$ cat run.cif   # mmCIF, C-alpha atoms
data_my_file
loop_
_atom_site.label_atom_id
_atom_site.label_comp_id
_atom_site.auth_asym_id
_atom_site.auth_seq_id
_atom_site.Cartn_x
_atom_site.Cartn_y
_atom_site.Cartn_z
CA MET A 1 -5.38 -1.35 221.75
CA VAL A 2 -4.75 2.19 220.59
CA PRO A 3 -4.87 3.08 216.89
CA LEU A 4 -1.71 4.48 215.35
CA SER A 5 -3.43 7.67 214.28
CA TYR A 6 -4.10 8.63 217.92
CA TYR A 7 -0.38 8.72 218.60
CA LEU A 8 0.24 10.70 215.42
CA VAL A 9 -2.45 13.23 216.34
CA LEU A 10 -0.96 13.61 219.82
CA SER A 11 2.51 14.21 218.41
CA ALA A 12 1.11 16.69 215.88
CA ILE A 13 -0.57 18.60 218.72
CA LEU A 14 2.68 18.68 220.70
CA PHE A 15 4.63 19.84 217.65
CA ALA A 16 2.07 22.56 216.88
CA CYS A 17 2.23 23.78 220.50
CA GLY A 18 6.01 23.95 220.15
CA VAL A 19 5.78 25.94 216.91
CA ALA A 20 3.23 28.32 218.47
CA GLY A 21 5.44 28.87 221.52
CA PHE A 22 8.46 29.43 219.31
CA LEU A 23 6.62 32.14 217.37
CA ILE A 24 4.65 33.82 220.17
CA LYS A 25 7.00 33.81 223.13
CA ARG A 26 9.55 36.57 223.60
CA ASN A 27 11.67 35.07 226.39
CA ILE A 28 14.66 33.30 224.89
CA ILE A 29 14.53 30.48 227.47
CA THR A 30 10.85 29.79 226.75
CA ILE A 31 11.65 29.72 223.03
CA PHE A 32 14.28 27.10 223.80
CA LEU A 33 11.75 25.08 225.80
CA SER A 34 9.39 25.19 222.81
CA ILE A 35 12.12 23.68 220.62
CA GLU A 36 12.46 20.82 223.11
CA LEU A 37 8.69 20.33 222.95
CA MET A 38 8.88 20.02 219.16
CA LEU A 39 11.66 17.43 219.44
CA ASN A 40 9.52 15.44 221.86
CA GLY A 41 6.60 15.46 219.44
CA VAL A 42 8.83 14.08 216.69
CA ASN A 43 10.20 11.41 219.05
CA LEU A 44 6.68 10.19 219.76
CA THR A 45 6.12 9.75 216.02
CA PHE A 46 9.32 7.69 215.75
CA VAL A 47 8.33 5.38 218.61
CA ALA A 48 4.75 4.99 217.36
CA PHE A 49 5.92 3.97 213.89
CA ALA A 50 8.54 1.67 215.40
CA ALA A 51 5.78 -0.12 217.30
CA GLN A 52 3.60 -0.20 214.18
CA LEU A 53 6.32 -1.64 211.93
CA LYS A 54 7.73 -3.87 214.71
CA SER A 55 11.16 -2.47 213.97
CA LEU A 56 13.67 -1.17 216.49
CA ASP A 57 15.29 1.36 214.16
CA GLY A 58 12.89 4.04 215.36
CA HIS A 59 14.15 3.61 218.92
CA ILE A 60 17.73 4.12 217.74
CA PHE A 61 16.68 7.29 215.98
CA VAL A 62 15.01 8.53 219.17
CA PHE A 63 18.25 7.84 221.02
CA PHE A 64 20.23 9.95 218.55
CA VAL A 65 17.64 12.73 218.65
CA MET A 66 17.97 12.78 222.43
CA VAL A 67 21.76 12.97 222.24
CA VAL A 68 21.62 15.86 219.77
CA ALA A 69 18.99 17.59 221.91
CA ALA A 70 21.18 17.29 225.01
CA ALA A 71 24.19 18.72 223.16
CA GLU A 72 22.03 21.47 221.73
CA ALA A 73 20.67 22.34 225.17
CA ALA A 74 24.17 22.58 226.65
CA VAL A 75 25.51 24.82 223.87
CA GLY A 76 22.31 26.86 223.59
CA LEU A 77 22.14 27.59 227.31
CA ALA A 78 25.80 28.62 227.26
CA ILE A 79 24.96 31.04 224.44
CA ILE A 80 22.02 32.37 226.46
CA ILE A 81 24.32 32.98 229.43
CA ALA A 82 26.83 34.77 227.17
CA VAL A 83 24.07 36.92 225.65
CA PHE A 84 22.74 37.79 229.11
CA ARG A 85 26.22 38.84 230.23
CA THR A 86 26.64 41.28 227.36
CA ARG A 87 23.07 42.51 226.81
CA GLU A 88 21.61 42.17 230.35
CA THR A 89 18.32 40.91 228.94
CA LEU A 90 16.55 37.69 227.96
CA ASN A 91 14.02 39.36 225.68
CA VAL A 92 14.67 38.54 222.02
CA ASP A 93 13.21 41.89 220.95
CA ARG A 94 16.03 43.66 222.76
CA VAL A 95 18.74 41.53 221.15
CA ASN A 96 18.63 43.41 217.85
CA LEU A 97 22.18 44.38 216.99
CA LEU A 98 21.93 42.77 213.56
CA LYS A 99 18.62 44.46 212.80
CA LEU A 100 18.57 47.25 210.24
CA MET B 1 -9.30 -1.26 226.59
CA LEU B 2 -7.06 -0.47 229.55
CA GLY B 3 -4.40 0.70 227.10
CA LEU B 4 -6.84 3.13 225.53
CA ILE B 5 -7.87 4.55 228.91
CA LEU B 6 -4.23 4.97 229.98
CA PHE B 7 -3.39 6.55 226.63
CA PHE B 8 -6.14 9.13 227.02
CA ILE B 9 -5.09 9.97 230.58
CA PHE B 10 -1.46 10.55 229.63
CA ALA B 11 -2.33 12.26 226.34
CA ALA B 12 -4.53 14.70 228.25
CA LEU B 13 -1.64 15.35 230.66
CA CYS B 14 0.69 15.92 227.69
CA VAL B 15 -1.60 18.36 225.90
CA GLY B 16 -2.43 20.15 229.14
CA GLY B 17 1.24 20.57 229.94
CA ALA B 18 2.02 21.80 226.42
CA ILE B 19 -0.79 24.39 226.55
CA ASN B 20 0.28 25.43 230.05
CA LEU B 21 3.78 26.01 228.65
CA LEU B 22 2.29 28.50 226.20
CA VAL B 23 0.02 30.22 228.71
CA GLN B 24 2.44 30.73 231.60
CA LYS B 25 4.34 34.01 231.72
CA HIS B 26 7.21 32.98 233.99
CA PRO B 27 9.87 30.70 232.41
CA ILE B 28 10.16 28.51 235.49
CA ASN B 29 6.45 27.60 235.22
CA SER B 30 6.95 26.79 231.54
CA ALA B 31 9.93 24.57 232.39
CA LEU B 32 7.98 22.69 235.06
CA SER B 33 5.05 22.09 232.70
CA LEU B 34 7.51 20.79 230.10
CA ILE B 35 8.68 18.28 232.74
CA VAL B 36 5.04 17.14 233.05
CA VAL B 37 4.88 16.69 229.27
CA MET B 38 8.10 14.67 229.23
CA GLY B 39 7.07 12.47 232.15
CA SER B 40 3.73 11.56 230.61
CA LEU B 41 5.43 10.99 227.25
CA ALA B 42 7.70 8.47 228.99
CA LEU B 43 4.61 6.61 230.17
CA ILE B 44 3.17 6.67 226.64
CA TYR B 45 6.46 5.17 225.43
CA LEU B 46 5.98 2.38 227.96
CA LEU B 47 2.49 1.87 226.55
CA LEU B 48 4.13 1.45 223.12
CA GLY B 49 6.49 -1.20 224.46
CA ALA B 50 9.57 1.04 224.29
CA GLU B 51 11.14 0.36 227.69
CA PHE B 52 14.59 1.68 226.88
CA VAL B 53 13.32 4.89 225.31
CA ALA B 54 11.04 5.51 228.29
CA ALA B 55 13.94 5.11 230.74
CA VAL B 56 16.19 7.38 228.67
CA GLN B 57 13.40 9.93 228.37
CA VAL B 58 13.11 10.14 232.15
CA ILE B 59 16.85 10.12 232.83
CA VAL B 60 18.14 12.35 230.03
CA TYR B 61 15.23 14.62 229.19
CA ALA B 62 13.19 15.01 232.36
CA GLY B 63 16.34 14.64 234.44
CA ALA B 64 19.47 16.12 232.91
CA VAL B 65 18.24 18.54 230.26
CA MET B 66 15.47 20.03 232.36
CA VAL B 67 17.74 20.38 235.41
CA LEU B 68 20.06 22.36 233.12
CA PHE B 69 17.17 24.59 232.07
CA VAL B 70 15.93 25.20 235.60
CA PHE B 71 19.49 25.88 236.71
CA VAL B 72 20.00 28.51 234.01
CA ILE B 73 16.62 30.12 234.73
CA MET B 74 17.55 30.47 238.38
CA LEU B 75 21.12 31.56 237.60
CA LEU B 76 19.95 34.37 235.32
CA ASN B 77 17.11 35.28 237.68
CA ALA B 78 14.69 35.33 234.75
CA GLY B 79 11.49 37.16 235.56
CA VAL B 80 8.09 37.52 233.95
CA GLU B 81 8.54 38.18 230.26
CA GLU B 82 7.98 41.73 229.13
CA ARG B 83 6.53 42.79 225.83
CA VAL B 84 8.55 45.35 223.95
CA SER B 85 6.78 45.49 220.61
CA GLN B 86 3.01 45.77 220.89
CA GLY B 87 2.41 46.49 217.20
CA SER B 88 2.00 42.85 216.22
CA ARG B 89 -1.49 42.41 217.73
CA VAL B 90 -3.19 42.48 214.33
CA ALA B 91 -0.58 40.15 212.88
CA MET B 92 -1.29 37.66 215.67
CA MET B 93 -5.08 37.88 215.22
CA LEU B 94 -4.73 37.22 211.50
CA GLY B 95 -1.55 35.20 211.47
CA VAL B 96 -2.46 32.37 213.84
CA PRO B 97 -5.72 31.35 212.06
CA ALA B 98 -4.06 31.86 208.68
CA MET B 99 -1.19 29.58 209.70
CA ILE B 100 -3.60 26.90 210.96
CA ILE B 101 -5.64 27.01 207.75
CA GLY B 102 -2.50 26.97 205.62
CA LEU B 103 -1.07 23.99 207.49
CA ALA B 104 -4.38 22.13 207.24
CA ILE B 105 -4.57 22.69 203.48
CA GLY B 106 -0.96 21.64 203.08
CA ALA B 107 -1.50 18.50 205.17
CA ALA B 108 -4.64 17.58 203.21
CA PHE B 109 -2.75 18.05 199.95
CA ALA B 110 0.20 15.96 201.14
CA PHE B 111 -2.13 13.24 202.45
CA HIS B 112 -3.89 13.12 199.10
CA LEU B 113 -0.58 13.08 197.24
CA TYR B 114 0.75 10.11 199.20
CA GLY B 115 -2.58 8.31 199.42
CA PHE B 116 -2.85 8.48 203.20
CA ASP B 117 -6.48 9.59 202.97
CA ARG B 118 -7.44 6.15 201.71
CA ILE B 119 -6.43 4.62 205.03
CA PRO B 120 -9.61 4.28 207.09
CA ILE B 121 -10.08 6.63 210.04
CA GLY B 122 -8.52 5.19 213.15
CA GLY B 123 -5.86 3.48 211.14
CA PRO B 124 -4.19 0.21 211.95
CA GLU B 125 -4.09 -0.71 215.62
CA ILE B 126 -0.71 -1.21 217.15
CA MET B 127 0.39 -3.63 219.77
CA ASN B 128 0.82 -2.50 223.32
CA GLY B 129 3.15 -3.29 226.16
CA ALA B 130 1.87 -6.87 226.39
CA ASP B 131 4.77 -8.14 224.34
CA VAL B 132 7.59 -5.74 225.02
CA PHE B 133 10.16 -5.59 222.26
CA GLY B 134 12.03 -2.37 222.97
CA ASN B 135 13.87 -3.62 226.03
CA PRO B 136 17.44 -2.44 226.63
CA GLN B 137 18.92 -5.75 225.52
CA ALA B 138 17.40 -5.60 222.05
CA VAL B 139 18.17 -1.92 221.60
CA GLY B 140 21.73 -2.47 222.82
CA HIS B 141 22.24 -5.31 220.34
CA LEU B 142 21.16 -3.04 217.50
CA LEU B 143 23.03 0.00 218.81
CA PHE B 144 26.39 -1.69 219.31
CA ARG B 145 26.33 -3.83 216.17
CA ASP B 146 24.50 -2.14 213.30
CA TYR B 147 24.78 1.44 214.52
CA LEU B 148 28.22 1.31 216.11
CA LEU B 149 29.78 4.05 213.94
CA PRO B 150 26.98 6.61 214.53
CA PHE B 151 27.17 5.81 218.22
CA GLU B 152 30.88 6.56 218.32
CA VAL B 153 30.38 9.75 216.30
CA THR B 154 27.84 10.73 218.96
CA SER B 155 30.54 10.70 221.61
CA ILE B 156 32.62 13.15 219.57
CA LEU B 157 29.55 15.37 219.23
CA ILE B 158 29.02 15.36 222.99
CA LEU B 159 32.70 16.15 223.58
CA VAL B 160 32.53 19.11 221.17
CA ALA B 161 29.33 20.30 222.84
CA ILE B 162 30.91 20.17 226.30
CA MET B 163 33.95 22.13 225.15
CA GLY B 164 31.75 24.63 223.32
CA ALA B 165 29.59 25.17 226.39
CA VAL B 166 32.62 25.73 228.59
CA VAL B 167 34.20 28.18 226.16
CA LEU B 168 30.97 30.10 225.56
CA ALA B 169 29.93 30.42 229.18
CA ARG B 170 33.41 31.32 230.46
CA ARG B 171 33.74 34.78 231.92
CA GLU B 172 36.29 36.78 229.95
CA GLU B 173 38.87 38.53 232.03
#

$ encode --input "run.cif" --output "structure tokens"
Amino acid sequence: MVPLSYYLVLSAILFACGVAGFLIKRNIITIFLSIELMLNGVNLTFVAFAAQLKSLDGHIFVFFVMVVAAAEAAVGLAIIIAVFRTRETLNVDRVNLLKL
Amino acid sequence: MLGLILFFIFAALCVGGAINLLVQKHPINSALSLIVVMGSLALIYLLLGAEFVAAVQVIVYAGAVMVLFVFVIMLLNAGVEERVSQGSRVAMMLGVPAMIIGLAIGAAFAFHLYGFDRIPIGGPEIMNGADVFGNPQAVGHLLFRDYLLPFEVTSILILVAIMGAVVLARREE
């Protein structure tokens, strides 16, 4: 039997890795992957609490998070392709048209 | 006992994959290590008795979403990431520890505020896959009865996302 806090610590580590990647990385695709990592960390929290409370609502929430993540990935990758067509780069430091 | 051993194996795989995602320079290596994270998370979901979520995790996340990512990485021929601004070295040296300390203080404060620090270390133990309760039948009952409206709204969201992706990625003549 695994204590609940172990799952929560694991999901916190995954979320922190996602935040760190989001802030440190400069490639727009890797930044996107870090967002997916954060969503996965949150999903683990939902499932762990669902098992703790013996309630299935957490699983439904995970389902909706996955749907939104899939939609977000489709639209986000389309935006990345559009940005690459116009700017010829994937580096977020070079996409600075709105910067003063 | 077996559950604990399996949890530690898959948790180590998860954390290793997540750190590898940060360390690797090439996006394709980051994407493949994220697939490792998602696969081992699916096994942890099975450990928690969430059969349906584990299956969806493998099919949707490790399958569909990551195939999309790898496809785009190969389509755009993304190479090793280059650093344009080098001036943020000091900010990184100071910023990362400062962020960790700040988050720790905030978490301790929030835990104290909500009384979580009175729960003993280790916390309550949760049941494992022995009695599975997250099987597709149970989740489907809940999804198509209590959560029918959100489920239908989801289909509209997916439709909008598909159309948005097509419009955004279309080559303008």

$ residues_around --input "run.cif" --residues "B:Leu142" --least-positions-apart "4" --cutoff "12 Å" --atoms "all atoms listed in the file" --output "MDAnalysis selection string"
(chainID A and resid 55:61 63) or (chainID B and resid 134:138 146:151)

$ residues_around --input "run.cif" --residues "A:Ile35" --least-positions-apart "4" --cutoff "8 Å" --atoms "only C-alpha atoms" --output "PyMOL selection string"
chain A and resi 18-19+22+31+39

$ atom_distance --input "run.cif" --atom1 "atom CA of B:Val53" --atom2 "atom CA of A:Ala73"
18.9 Å

$ interface_residues --input "run.cif" --of "chain A" --to "chain B" --cutoff "7 Å" --atoms "all atoms listed in the file" --output "PyMOL selection string"
chain A and resi 1-5+10+14+17+21+26-27+29-30+33+48+51-52+56+59-60+70-71+73-75+78-79+81-82+93

$ write_last_selection --input "run.cif" --atoms "C-alpha atoms" --output "tab-separated table (two decimals), in the frame of the given file"
chain	number	residue	atom	x	y	z
A	1	MET	CA	-5.38	-1.35	221.75
A	2	VAL	CA	-4.75	2.19	220.59
A	3	PRO	CA	-4.87	3.08	216.89
A	4	LEU	CA	-1.71	4.48	215.35
A	5	SER	CA	-3.43	7.67	214.28
A	10	LEU	CA	-0.96	13.61	219.82
A	14	LEU	CA	2.68	18.68	220.70
A	17	CYS	CA	2.23	23.78	220.50
A	21	GLY	CA	5.44	28.87	221.52
A	26	ARG	CA	9.55	36.57	223.60
A	27	ASN	CA	11.67	35.07	226.39
A	29	ILE	CA	14.53	30.48	227.47
A	30	THR	CA	10.85	29.79	226.75
A	33	LEU	CA	11.75	25.08	225.80
A	48	ALA	CA	4.75	4.99	217.36
A	51	ALA	CA	5.78	-0.12	217.30
A	52	GLN	CA	3.60	-0.20	214.18
A	56	LEU	CA	13.67	-1.17	216.49
A	59	HIS	CA	14.15	3.61	218.92
A	60	ILE	CA	17.73	4.12	217.74
A	70	ALA	CA	21.18	17.29	225.01
A	71	ALA	CA	24.19	18.72	223.16
A	73	ALA	CA	20.67	22.34	225.17
A	74	ALA	CA	24.17	22.58	226.65
A	75	VAL	CA	25.51	24.82	223.87
A	78	ALA	CA	25.80	28.62	227.26
A	79	ILE	CA	24.96	31.04	224.44
A	81	ILE	CA	24.32	32.98	229.43
A	82	ALA	CA	26.83	34.77	227.17
A	93	ASP	CA	13.21	41.89	220.95

$ atom_distance --input "run.cif" --atom1 "atom CA of B:Leu46" --atom2 "atom CA of A:Phe64"
18.7 Å

$ closest_residue --input "run.cif" --among "A:Leu90, A:Phe15, A:Leu98, A:Thr45" --to "A:Leu77" --atoms "only C-alpha atoms"
A:Leu90

$ closest_residue --input "run.cif" --among "B:His141, B:Ala98, B:Glu172, B:Asn77" --to "A:Glu88" --atoms "all atoms listed in the file"
B:Asn77

$ atom_distance --input "run.cif" --atom1 "atom CA of B:Arg145" --atom2 "atom CA of A:Leu44"
24.4 Å

$ closest_residue --input "run.cif" --among "A:Val83, A:Val47, A:Met38, A:Ala69" --to "A:Leu97" --atoms "only C-alpha atoms"
A:Val83

$ axis_aligned_box --input "run.cif" --around "stretch 23-35 of chain A" --padding-each-side "4 Å" --output "lines of an AutoDock Vina configuration file"
center_x = 9.7
center_y = 30.1
center_z = 222.4
size_x = 18.0
size_y = 20.9
size_z = 18.1

$ closest_residue --input "run.cif" --among "A:Ala20, A:Phe32, A:Ile80, A:Leu8" --to "A:Phe46" --atoms "only C-alpha atoms"
A:Leu8
